[in-house]
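Undergrad: Structure file work-v1.pdb (PDB, C-alpha atoms, pLDDT in the B column) right here:
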MODEL        1
ATOM      1  CA  GLN Q   1     139.638 135.080 122.975  1.00 83.00           C
ATOM      2  CA  VAL Q   2     138.433 137.130 120.023  1.00 91.00           C
ATOM      3  CA  GLN Q   3     136.590 135.870 116.980  1.00 95.00           C
ATOM      4  CA  LEU Q   4     136.765 137.990 113.848  1.00 97.00           C
ATOM      5  CA  VAL Q   5     134.374 137.913 110.907  1.00 98.00           C
ATOM      6  CA  GLU Q   6     135.040 139.859 107.717  1.00 98.00           C
ATOM      7  CA  SER Q   7     132.466 140.945 105.166  1.00 98.00           C
ATOM      8  CA  GLY Q   8     132.074 143.383 102.313  1.00 98.00           C
ATOM      9  CA  GLY Q   9     134.280 141.846  99.679  1.00 97.00           C
ATOM     10  CA  GLY Q  10     133.183 141.413  96.100  1.00 98.00           C
ATOM     11  CA  LEU Q  11     133.849 142.122  92.460  1.00 98.00           C
ATOM     12  CA  VAL Q  12     134.411 145.722  91.407  1.00 98.00           C
ATOM     13  CA  GLN Q  13     135.800 147.486  88.362  1.00 98.00           C
ATOM     14  CA  ALA Q  14     139.081 149.346  88.500  1.00 98.00           C
ATOM     15  CA  GLY Q  15     138.558 152.791  89.961  1.00 98.00           C
ATOM     16  CA  GLY Q  16     135.663 151.634  92.075  1.00 98.00           C
ATOM     17  CA  SER Q  17     135.216 151.402  95.831  1.00 98.00           C
ATOM     18  CA  LEU Q  18     134.447 148.811  98.476  1.00 98.00           C
ATOM     19  CA  ARG Q  19     134.125 148.948 102.248  1.00 98.00           C
ATOM     20  CA  LEU Q  20     135.276 145.960 104.232  1.00 98.00           C
ATOM     21  CA  THR Q  21     133.880 145.286 107.687  1.00 98.00           C
ATOM     22  CA  CYS Q  22     135.389 143.206 110.480  1.00 98.00           C
ATOM     23  CA  THR Q  23     133.179 142.430 113.453  1.00 98.00           C
ATOM     24  CA  ALA Q  24     134.694 141.056 116.644  1.00 97.00           C
ATOM     25  CA  SER Q  25     133.174 139.008 119.399  1.00 94.00           C
ATOM     26  CA  GLY Q  26     133.929 139.585 123.045  1.00 77.00           C
ATOM     27  CA  ARG Q  27     133.771 142.603 125.328  1.00 76.00           C
ATOM     28  CA  THR Q  28     137.406 143.669 125.186  1.00 90.00           C
ATOM     29  CA  PHE Q  29     137.573 144.923 121.598  1.00 93.00           C
ATOM     30  CA  SER Q  30     138.875 148.311 122.711  1.00 93.00           C
ATOM     31  CA  THR Q  31     142.047 146.697 124.061  1.00 93.00           C
ATOM     32  CA  TYR Q  32     143.121 145.382 120.657  1.00 95.00           C
ATOM     33  CA  ILE Q  33     145.239 146.756 117.858  1.00 96.00           C
ATOM     34  CA  MET Q  34     143.397 145.917 114.657  1.00 97.00           C
ATOM     35  CA  SER Q  35     144.793 145.475 111.181  1.00 98.00           C
ATOM     36  CA  TRP Q  36     143.993 144.364 107.680  1.00 98.00           C
ATOM     37  CA  PHE Q  37     146.263 142.072 105.696  1.00 98.00           C
ATOM     38  CA  ARG Q  38     145.803 140.646 102.215  1.00 98.00           C
ATOM     39  CA  GLN Q  39     147.031 137.680 100.244  1.00 98.00           C
ATOM     40  CA  ALA Q  40     146.991 137.493  96.477  1.00 97.00           C
ATOM     41  CA  PRO Q  41     147.255 134.167  94.640  1.00 93.00           C
ATOM     42  CA  GLY Q  42     150.809 132.858  94.690  1.00 95.00           C
ATOM     43  CA  LYS Q  43     151.994 135.607  97.012  1.00 97.00           C
ATOM     44  CA  GLU Q  44     152.696 135.917 100.707  1.00 97.00           C
ATOM     45  CA  ARG Q  45     150.259 137.630 103.009  1.00 97.00           C
ATOM     46  CA  GLU Q  46     151.065 141.326 103.333  1.00 98.00           C
ATOM     47  CA  PHE Q  47     150.214 144.161 105.673  1.00 98.00           C
ATOM     48  CA  VAL Q  48     147.681 146.701 104.454  1.00 98.00           C
ATOM     49  CA  ALA Q  49     146.542 148.926 107.326  1.00 98.00           C
ATOM     50  CA  GLN Q  50     146.553 149.175 111.115  1.00 98.00           C
ATOM     51  CA  ILE Q  51     144.628 151.148 113.705  1.00 97.00           C
ATOM     52  CA  ASN Q  52     145.493 151.464 117.372  1.00 96.00           C
ATOM     53  CA  TRP Q  53     143.134 150.686 120.230  1.00 94.00           C
ATOM     54  CA  SER Q  54     141.548 154.146 120.371  1.00 94.00           C
ATOM     55  CA  GLY Q  55     141.536 154.937 116.680  1.00 94.00           C
ATOM     56  CA  SER Q  56     143.894 157.865 117.170  1.00 94.00           C
ATOM     57  CA  SER Q  57     146.764 156.329 115.214  1.00 95.00           C
ATOM     58  CA  THR Q  58     146.828 154.560 111.860  1.00 96.00           C
ATOM     59  CA  ASP Q  59     149.459 153.083 109.586  1.00 97.00           C
ATOM     60  CA  TYR Q  60     149.257 152.101 105.928  1.00 98.00           C
ATOM     61  CA  ALA Q  61     151.298 150.194 103.419  1.00 98.00           C
ATOM     62  CA  ASP Q  62     152.724 152.526 100.793  1.00 98.00           C
ATOM     63  CA  SER Q  63     150.767 150.713  98.092  1.00 98.00           C
ATOM     64  CA  VAL Q  64     147.417 151.779  99.577  1.00 98.00           C
ATOM     65  CA  LYS Q  65     148.251 155.093 101.239  1.00 98.00           C
ATOM     66  CA  GLY Q  66     145.864 157.800 100.103  1.00 98.00           C
ATOM     67  CA  ARG Q  67     143.367 155.275  98.728  1.00 98.00           C
ATOM     68  CA  PHE Q  68     142.413 153.150 101.752  1.00 98.00           C
ATOM     69  CA  THR Q  69     141.155 154.354 105.125  1.00 98.00           C
ATOM     70  CA  ILE Q  70     140.918 152.233 108.254  1.00 98.00           C
ATOM     71  CA  SER Q  71     138.560 153.162 111.082  1.00 98.00           C
ATOM     72  CA  ARG Q  72     136.925 151.582 114.118  1.00 98.00           C
ATOM     73  CA  ASP Q  73     134.036 151.907 116.506  1.00 97.00           C
ATOM     74  CA  ASN Q  74     134.785 150.258 119.834  1.00 95.00           C
ATOM     75  CA  ALA Q  75     131.173 150.464 120.968  1.00 94.00           C
ATOM     76  CA  LYS Q  76     130.240 148.311 117.969  1.00 95.00           C
ATOM     77  CA  SER Q  77     133.337 146.073 118.142  1.00 96.00           C
ATOM     78  CA  THR Q  78     133.857 146.819 114.478  1.00 97.00           C
ATOM     79  CA  VAL Q  79     136.689 147.933 112.244  1.00 98.00           C
ATOM     80  CA  TRP Q  80     136.237 149.056 108.658  1.00 98.00           C
ATOM     81  CA  MET Q  81     138.464 149.645 105.695  1.00 98.00           C
ATOM     82  CA  GLN Q  82     137.217 151.977 103.007  1.00 98.00           C
ATOM     83  CA  MET Q  83     138.952 151.172  99.734  1.00 98.00           C
ATOM     84  CA  ASN Q  84     138.783 153.753  96.951  1.00 98.00           C
ATOM     85  CA  SER Q  85     140.391 153.984  93.522  1.00 98.00           C
ATOM     86  CA  LEU Q  86     140.802 150.236  93.468  1.00 98.00           C
ATOM     87  CA  LYS Q  87     143.325 148.689  91.113  1.00 98.00           C
ATOM     88  CA  PRO Q  88     143.571 145.158  89.689  1.00 97.00           C
ATOM     89  CA  GLU Q  89     146.646 144.629  91.863  1.00 97.00           C
ATOM     90  CA  ASP Q  90     144.442 145.069  94.946  1.00 98.00           C
ATOM     91  CA  THR Q  91     142.821 141.733  94.114  1.00 98.00           C
ATOM     92  CA  ALA Q  92     143.346 139.434  97.095  1.00 98.00           C
ATOM     93  CA  VAL Q  93     141.751 137.770 100.053  1.00 98.00           C
ATOM     94  CA  TYR Q  94     141.589 140.375 102.807  1.00 98.00           C
ATOM     95  CA  TYR Q  95     142.019 139.316 106.424  1.00 98.00           C
ATOM     96  CA  CYS Q  96     141.238 141.094 109.655  1.00 98.00           C
ATOM     97  CA  ALA Q  97     143.740 140.554 112.476  1.00 98.00           C
ATOM     98  CA  ALA Q  98     143.942 141.494 116.148  1.00 97.00           C
ATOM     99  CA  VAL Q  99     146.584 141.686 118.833  1.00 96.00           C
ATOM    100  CA  ARG Q 100     146.057 142.927 122.342  1.00 94.00           C
ATOM    101  CA  GLY Q 101     147.835 146.119 123.280  1.00 90.00           C
ATOM    102  CA  TYR Q 102     147.843 149.873 123.693  1.00 88.00           C
ATOM    103  CA  SER Q 103     150.897 150.613 121.594  1.00 84.00           C
ATOM    104  CA  SER Q 104     150.800 152.932 118.628  1.00 83.00           C
ATOM    105  CA  ASN Q 105     153.890 151.322 117.121  1.00 89.00           C
ATOM    106  CA  SER Q 106     153.638 149.624 113.751  1.00 90.00           C
ATOM    107  CA  TYR Q 107     152.730 145.961 113.748  1.00 95.00           C
ATOM    108  CA  ARG Q 108     153.317 144.981 110.133  1.00 96.00           C
ATOM    109  CA  TYR Q 109     154.194 141.308 110.503  1.00 96.00           C
ATOM    110  CA  ASP Q 110     151.485 138.681 110.560  1.00 92.00           C
ATOM    111  CA  SER Q 111     153.423 136.764 113.225  1.00 95.00           C
ATOM    112  CA  GLN Q 112     152.684 139.629 115.614  1.00 96.00           C
ATOM    113  CA  TYR Q 113     148.946 138.943 115.580  1.00 97.00           C
ATOM    114  CA  ASP Q 114     147.073 136.463 117.723  1.00 95.00           C
ATOM    115  CA  TYR Q 115     143.638 136.390 116.090  1.00 96.00           C
ATOM    116  CA  TRP Q 116     142.553 136.178 112.474  1.00 98.00           C
ATOM    117  CA  GLY Q 117     139.350 136.121 110.524  1.00 98.00           C
ATOM    118  CA  ARG Q 118     138.714 133.755 107.638  1.00 98.00           C
ATOM    119  CA  GLY Q 119     139.014 136.434 105.011  1.00 98.00           C
ATOM    120  CA  THR Q 120     136.886 138.042 102.345  1.00 98.00           C
ATOM    121  CA  GLN Q 121     137.653 138.010  98.621  1.00 98.00           C
ATOM    122  CA  VAL Q 122     138.174 141.277  96.777  1.00 98.00           C
ATOM    123  CA  THR Q 123     138.448 141.104  93.016  1.00 98.00           C
ATOM    124  CA  VAL Q 124     139.165 144.191  90.917  1.00 98.00           C
ATOM    125  CA  SER Q 125     138.646 143.842  87.196  1.00 97.00           C
ATOM    126  CA  SER Q 126     140.488 145.975  84.647  1.00 94.00           C
TER     127      SER Q 126
ENDMDL
END
Once you've parsed the file, please lay out its structure as structure tokens.

TA:
Amino acid sequence: QVQLVESGGGLVQAGGSLRLTCTASGRTFSTYIMSWFRQAPGKEREFVAQINWSGSSTDYADSVKGRFTISRDNAKSTVWMQMNSLKPEDTAVYYCAAVRGYSSNSYRYDSQYDYWGRGTQVTVSS
């Protein structure tokens, strides 16, 4: 069992930056694929970024590629997402998700994940 806690959300102006943090409980963090999803009001939850168990492979939604960077530190059981050049359309609740595995394939569907955090709100003003 893994418990995930997100932090780092907030209100920022367009063009600004935020860094989201997801901290996991448990001693098996290094065996999990970690991802960030987001859900804007009135919209379905969507994939944002993924990192494999070792950090050697990442995947990004086209809408954030080149602006967001996902990273992890297994010794700290933590995954981050650096978000730069934020846009009003990035406004959403951001969720951290985990699924056990060593694959570097893309896991872009929320049904593929077993564990979720409660989310952190990101609001980008224009």

Undergrad: Enumerate, as a PyMOL selection string, the residues matched when the PyMOL selection byres ((chain Q and resi 84-90) around 8) is run on the file above.

TA: chain Q and resi 13-18+67-68+82-83+91-92+122-126

Undergrad: If I take CA of Asp110 in chain Q and CA of Tyr94 in chain Q, how far is one from the other in Å, to one decimal?

TA: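 Interatomic distance here is 12.7 Å.
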
Undergrad: Which distance in Å separates CA of Ser103 in chain Q and CA of Thr120 in chain Q, to one decimal?

TA: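 We find that CA of Ser103 in chain Q and CA of Thr120 in chain Q lie 26.9 Å from each other.
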
Undergrad: Report as a ChimeraX atom specification the full result of the PyMOL selection byres ((chain Q and resi 69-71) around 9) when it is applied to this structure.

TA: /Q:35-36,49-51,55,58-60,64-68,72-73,78-84

Undergrad: Which is closer to Gln121 in chain Q than all the others in Q:Ser56, Q:Ser30, Q:Ser106, Q:Ser7, using all atoms listed in the file?

TA: Q:Ser7

Undergrad: Run the PyMOL selection byres ((chain Q and resi 8) around 7) on the file and write out the hits as a PyMOL selection string.

TA: chain Q and resi 7+9-10+19-21
